[in-house]
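Peer 1: Shown below is the structure under consideration.
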Amino acid sequence: MTGRGGAAPKLAPYAFVAPAVVLFLLVFALPIAYTVYLSLFRTEVKGLGLGKGSRSEVFVGLDNYARALTDPELGAGALRVLGYGAILVPTMLGLALVFALLLDEERVRARGFSRIAIFLPYAVPGVIASLLWGFLYLPGTSPFNQALRELSLPGVDLLSPTGIYFALANIAVWGGVGYNMVVLYTALRSIPRDLYEAARIDGCTPWQVAMRIKIPLLAPALVLTSLFSVIATLQVFAEPTTLAPLTNSLSLTWTPLMKVYQDAFGRGDLYSAAATSVLIAVVMFVISFGLLRVTRSRAFGGER
Amino acid sequence: MRTRLGGFPTFVLLLGAAYCLFPVAWVLIAATKSTGELFSTTTLSVGSSLVANLGELDSYRDGVFWRWMANSALYAGVGALLSAALSGVTGYALAKYSFRGRALIFNALIAGVLVPAVVLAIPQYLLMSKIGLTDTYLSVLVPSVVSPYGIYLARIYAAASVPEDVIEAARTDGAGEARILGSIALPMMVPGLVTVFLFQFVSIWNNFMLPYIMLGDDGKFPVTLGLYTMLKQGNTTPALYTLVVTGSLVSVLPLIALFLTLQRYWRIDLLSGAVKA
C-alpha cells in the first residue's frame, strides 16, 4: 500500500496504533480473560467464614457452567428474551423496511420531515425512552386507557405479565426503527435508478419493483441490520431495569443480563456471574456467525 | 387511482412520524402539569405548572439535577472527543500502512464490537476496584474511549478520503509521518471524525450499565442514572414523578438540538456502504 521508498513508515504505524492497542488490551482483552478465569473458581468457606484466610478461591473447573446451564431462572430468562426478541426484531425491521421503501417512492411528500421524525428517537437514551413510555403505560397517567375509558371499553394493562413483552418491545421498536430505516434507505439510494426504469418499461408496478428488485438488492443491508438488532436484543438491560419500579411483572432476573447483575452485585457471587456472562457471549458469537454464514451465500452471492 | 397511490405512502410515513413524535409531545405537555394534574387531567390538556416544575427541579437536593446534566456532558463530550481522536489516528494507520499484525489488530478490534457489555462491565469494575478507581470519573471515561465501531468507521473514511498521492507527495517533500498524519490526513478526515464523535457521544450519553455498575456516589451520576434513581423513589413519593417527567424533557433537549443541528454528519451510509465492500 505504501509503495516506493518508504523507509520511514516502518515504525510509524506501530506508534499510531499503540494507544488504541494498549487501551483495547486493558479495557477489552484483560477483562475478558479475567471473566474466563473467574468462571472457573468458587469461594470456599472454612469454619465459620470469619477472619482472614477462612475464605479461599478454589478451582472448580466447569462446575459454574454446569450450574448455570441447569439454573431454571436463567433458562426462563433466556426464553423471555427470546419471546421479546420474536416480537421486537420482525416488527422493527419490517416497519423499517416499509418506511425505507416508501421514502424511496417518487411521489411521496413531507419526505424530509418524516425521515427526521422517525429517526429522532435514536437520540433519546433508552432509560429516558423507558421513563416516557412507562408513564404512557401506567394506568394512572396512560392516555390510551383514558381514551378507552371514554369509549367505555376495558383498559389494556401493558404492564401485566403478558403485556410487558409488548411494552418492552414497543420501547425498542420506537428507539430503533428510525436507525434501521436510515440504514436501509441509504442502501436503497445506492441502487442505480435505471434498473427501475427498465422494470417500469417492462410493465412492473411499484409493488413488483419493490418485491423483485429492491428487497433482493437490500439483502446485505438487511443482514447487517438483523445482526445488530439481534445483538442488541440479547443485551437488553436498561429498559427492563428502568420499567421495573413501575410494575411487579418485571423481576430483578427478568433477562439473563439482569440475572448476571443480580448474581454479581446482589448476591456477591462473582463466579456464577462470570460463568453466565461467558455463556451469553458464546451464544452471541454463535448467533452472529451463524446468521452471517446462513445468509452469506444469498446476501453476497446474489449481488454479483 | 394514481393520486390515491401517491397519497398512501405519504400517509403511512406521517403515521410513523406521529408514532415517533408522540412520546416527545406527551412529555412536553406532561412537564407543564403539577403532580395532581399529572394523574387527574386529560392527557392532552396543558397544565399550568411548567415554571413551578422547573423551579422545583432546579432546587431538588440543591440542584443535583444540573450536576447530573454537567456530568453527562462531561462523560459524553470528553469521552467522544478522545474517542474520535483515537479512532482517527488508529483508523488512518490501519487504512494507509501495511505492516505485520495489521490484520490481527483489525480483526481483534472488530470482534470487540460483538462482546456484550456485561461481559466487560463486571470484570472492568473488579479491575478498577483493584487499582482503586471505582466510583471516579475515570472509571466511566476510560472504558468509553476505545470504540471498535469508531475505529472501523475511521478506517473506512481514511481509505476513502485521504488520497495515496497526497501522502506520497508529502513524503517526497520530506514531511515526517507524524506531520503527515497531523496536518494533512486528520484535517481531511474531519467530516468522518465528526460522525464518529456523534455516534460515540450518543452511545456514552445513553450508556446506562457502565455508570450503574461503576458509580456509587450520586454526585458523579450522569443524568440517565440520576433520573432512574428518582423514578425508583417515586414509588414512595409520587411528587417525584413530576420531577422525573420534567427532568426527562430537559435531559433530551440537548441531544435533540445536537441531532437536528448536526444532521448532515449522521453519515450512516458509511455503515451500509461498508457492507458491500
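As shown in the C-alpha cells, the chain order sets the letters A, B, ...; within each chain, residues go from 1, and ligands are also counted from 1 in the order they appear.
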Against chain A, which residues of chain B fall within 7 Å? For each one I want the closest pair of atoms and the distance in Å (one decimal), counting only C-alpha atoms, rows by chain and increasing residue number, as a tab-separated table.
Peer 2:
```
residue	atom	partner	partner_atom	distance
B:Gly6	CA	A:Arg107	CA	5.5
B:Pro9	CA	A:Leu102	CA	5.5
B:Thr10	CA	A:Val108	CA	5.2
B:Leu13	CA	A:Ser114	CA	6.0
B:Leu14	CA	A:Ser114	CA	6.0
B:Gly16	CA	A:Ile118	CA	6.5
B:Ala17	CA	A:Ile118	CA	5.1
B:Cys20	CA	A:Ile118	CA	5.5
B:Leu21	CA	A:Ala117	CA	6.4
B:Pro23	CA	A:Leu132	CA	6.3
B:Val27	CA	A:Leu132	CA	6.9
B:Leu38	CA	A:Thr141	CA	6.6
B:Phe39	CA	A:Thr141	CA	5.4
B:Thr43	CA	A:Pro143	CA	5.5
B:Leu86	CA	A:Ala20	CA	6.6
B:Val89	CA	A:Phe16	CA	6.0
B:Thr90	CA	A:Val17	CA	5.0
B:Ala93	CA	A:Pro13	CA	5.3
B:Lys96	CA	A:Met1	CA	6.7
B:Tyr97	CA	A:Thr2	CA	5.9
B:Ser98	CA	A:Met1	CA	6.0
B:Val115	CA	A:Ala281	CA	6.3
B:Pro116	CA	A:Ala281	CA	6.2
B:Val118	CA	A:Ser277	CA	6.8
B:Val119	CA	A:Ser277	CA	5.3
B:Leu120	CA	A:Pro31	CA	5.9
B:Pro123	CA	A:Pro31	CA	5.0
B:Gln124	CA	A:Pro31	CA	5.7
B:Pro143	CA	A:Val27	CA	5.8
B:Val146	CA	A:Phe24	CA	6.5
B:Glu177	CA	A:Ala12	CA	6.4
B:Val202	CA	A:Ala123	CA	6.6
B:Asn206	CA	A:Pro125	CA	4.4
B:Phe208	CA	A:Ala238	CA	6.2
B:Met209	CA	A:Ala238	CA	6.9
B:Thr224	CA	A:Val127	CA	6.2
B:Tyr228	CA	A:Thr242	CA	6.4
B:Lys232	CA	A:Pro245	CA	5.5
B:Ser248	CA	A:Ile128	CA	6.1
B:Val252	CA	A:Val124	CA	6.2
B:Leu255	CA	A:Ala123	CA	6.0
B:Ile256	CA	A:Ala123	CA	6.3
B:Phe259	CA	A:Ala123	CA	6.9
B:Ile268	CA	A:Val183	CA	6.1
B:Asp269	CA	A:Thr186	CA	5.7
B:Ser272	CA	A:Ala187	CA	6.0
B:Val275	CA	A:Pro220	CA	6.4
```
Peer 1: May I have all residues of stretch 37-149 of chain B that DSSP, computed from the backbone, assigns to alpha helix (DSSP H), given as a PyMOL selection string?
Peer 2: chain B and resi 37-40+50-59+64-96+102-114+117-130+137-145+148-149
Peer 1: What does the file look like for those residues with C-alpha atoms, as a short mmCIF file (atom, residue, chain, number, x, y, z; two decimals), in the first residue's frame?
Peer 2:
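Result went into again.cif, see below:
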```cif
data_model
loop_
_atom_site.label_atom_id
_atom_site.label_comp_id
_atom_site.auth_asym_id
_atom_site.auth_seq_id
_atom_site.Cartn_x
_atom_site.Cartn_y
_atom_site.Cartn_z
CA GLU B 37 -52.86 17.29 37.31
CA LEU B 38 -50.50 14.59 36.03
CA PHE B 39 -52.71 11.89 37.48
CA SER B 40 -56.11 13.53 37.02
CA LEU B 50 -44.15 24.30 33.89
CA VAL B 51 -42.31 27.14 35.62
CA ALA B 52 -43.06 25.73 39.05
CA ASN B 53 -41.85 22.29 37.93
CA LEU B 54 -38.62 23.70 36.54
CA GLY B 55 -38.11 25.63 39.76
CA GLU B 56 -38.68 22.51 41.83
CA LEU B 57 -36.32 20.51 39.62
CA ASP B 58 -33.74 23.27 40.00
CA SER B 59 -33.94 23.24 43.78
CA VAL B 64 -28.24 17.94 41.85
CA PHE B 65 -30.09 17.60 38.54
CA TRP B 66 -27.84 20.21 36.87
CA ARG B 67 -24.86 18.42 38.28
CA TRP B 68 -26.07 15.21 36.59
CA MET B 69 -26.51 17.10 33.32
CA ALA B 70 -22.99 18.52 33.62
CA ASN B 71 -21.65 15.05 34.38
CA SER B 72 -23.36 13.60 31.30
CA ALA B 73 -21.93 16.41 29.18
CA LEU B 74 -18.50 15.71 30.63
CA TYR B 75 -18.61 11.93 30.11
CA ALA B 76 -20.09 12.17 26.63
CA GLY B 77 -18.16 15.27 25.48
CA VAL B 78 -14.70 14.37 26.71
CA GLY B 79 -15.18 10.66 26.04
CA ALA B 80 -16.38 11.20 22.46
CA LEU B 81 -13.63 13.74 21.74
CA LEU B 82 -10.88 11.39 22.90
CA SER B 83 -12.59 8.52 21.14
CA ALA B 84 -12.77 10.40 17.83
CA ALA B 85 -9.09 11.35 18.09
CA LEU B 86 -8.04 7.80 18.93
CA SER B 87 -10.24 6.36 16.17
CA GLY B 88 -8.82 8.84 13.65
CA VAL B 89 -5.19 8.00 14.37
CA THR B 90 -5.82 4.25 14.54
CA GLY B 91 -8.13 4.16 11.53
CA TYR B 92 -5.61 6.08 9.44
CA ALA B 93 -2.78 3.72 10.40
CA LEU B 94 -4.91 0.66 9.62
CA ALA B 95 -6.05 2.06 6.27
CA LYS B 96 -2.85 3.54 4.92
CA ARG B 102 -2.40 -5.21 10.89
CA ALA B 103 -4.97 -7.88 10.11
CA LEU B 104 -4.72 -9.29 13.62
CA ILE B 105 -5.26 -5.89 15.23
CA PHE B 106 -8.16 -5.09 12.94
CA ASN B 107 -9.90 -8.44 13.50
CA ALA B 108 -9.43 -8.23 17.27
CA LEU B 109 -11.00 -4.76 17.26
CA ILE B 110 -13.95 -5.94 15.17
CA ALA B 111 -14.53 -8.89 17.49
CA GLY B 112 -14.73 -6.26 20.23
CA VAL B 113 -17.98 -4.97 18.70
CA LEU B 114 -19.61 -8.31 19.40
CA ALA B 117 -21.38 -5.03 27.53
CA VAL B 118 -21.98 -7.12 30.63
CA VAL B 119 -19.10 -9.47 29.92
CA LEU B 120 -16.93 -6.38 30.12
CA ALA B 121 -18.62 -4.25 32.73
CA ILE B 122 -18.30 -6.63 35.69
CA PRO B 123 -14.61 -7.51 35.28
CA GLN B 124 -13.91 -3.88 34.40
CA TYR B 125 -15.46 -2.98 37.73
CA LEU B 126 -13.37 -5.59 39.56
CA LEU B 127 -10.16 -4.50 37.86
CA MET B 128 -10.94 -0.82 38.51
CA SER B 129 -11.57 -1.60 42.16
CA LYS B 130 -8.17 -3.32 42.37
CA TYR B 137 -14.98 9.96 36.74
CA LEU B 138 -12.16 7.96 35.18
CA SER B 139 -13.94 4.64 35.75
CA VAL B 140 -16.68 5.74 33.33
CA LEU B 141 -14.46 7.74 30.97
CA VAL B 142 -11.64 5.28 30.29
CA PRO B 143 -13.77 2.35 29.04
CA SER B 144 -15.72 4.79 26.83
CA VAL B 145 -12.67 5.96 24.91
CA PRO B 148 -14.16 -0.57 17.95
CA TYR B 149 -17.05 0.77 15.89
#
```
Peer 1: Quote the spacing between atom CA of A:Phe166 and atom CA of A:Ser251 in Å to one decimal place.
Peer 2: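 Atom-to-atom, atom CA of A:Phe166 and atom CA of A:Ser251 are spaced 16.2 Å apart.
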Peer 1: Considering only C-alpha atoms, can you say which of B:Ala159, B:Leu262, B:Ala257, B:Leu243 comes closest to B:Phe197?
Peer 2: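 Under the stated criterion, the closest residue is B:Leu262.
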Peer 1: Rank nothing, just name the residue among B:Ser251, B:Thr261, B:Thr236, B:Thr246 nearest to B:Trp26, using only C-alpha atoms.
Peer 2: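 Checking each of B:Ser251, B:Thr261, B:Thr236, B:Thr246 against B:Trp26, counting only C-alpha atoms, the winner is B:Thr246.
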Peer 1: Quick check, in Å to one decimal: how far apart do atom CA of B:Met189 and atom CA of B:Arg171 lie?
Peer 2: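 So the two atoms, atom CA of B:Met189 and atom CA of B:Arg171, lie 18.6 Å apart.
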Peer 1: Grab the atom CA of A:Asn64 to atom CA of A:Thr43 distance for me, in Å with one decimal place.
Peer 2: 11.5 Å
Peer 1: When DSSP is applied to the backbone of this structure, which of stretch 27-238 of chain A are assigned strand (DSSP E or B)? Write them out as a VMD selection string.
Peer 2: chain A and resid 41 to 45 55 to 59
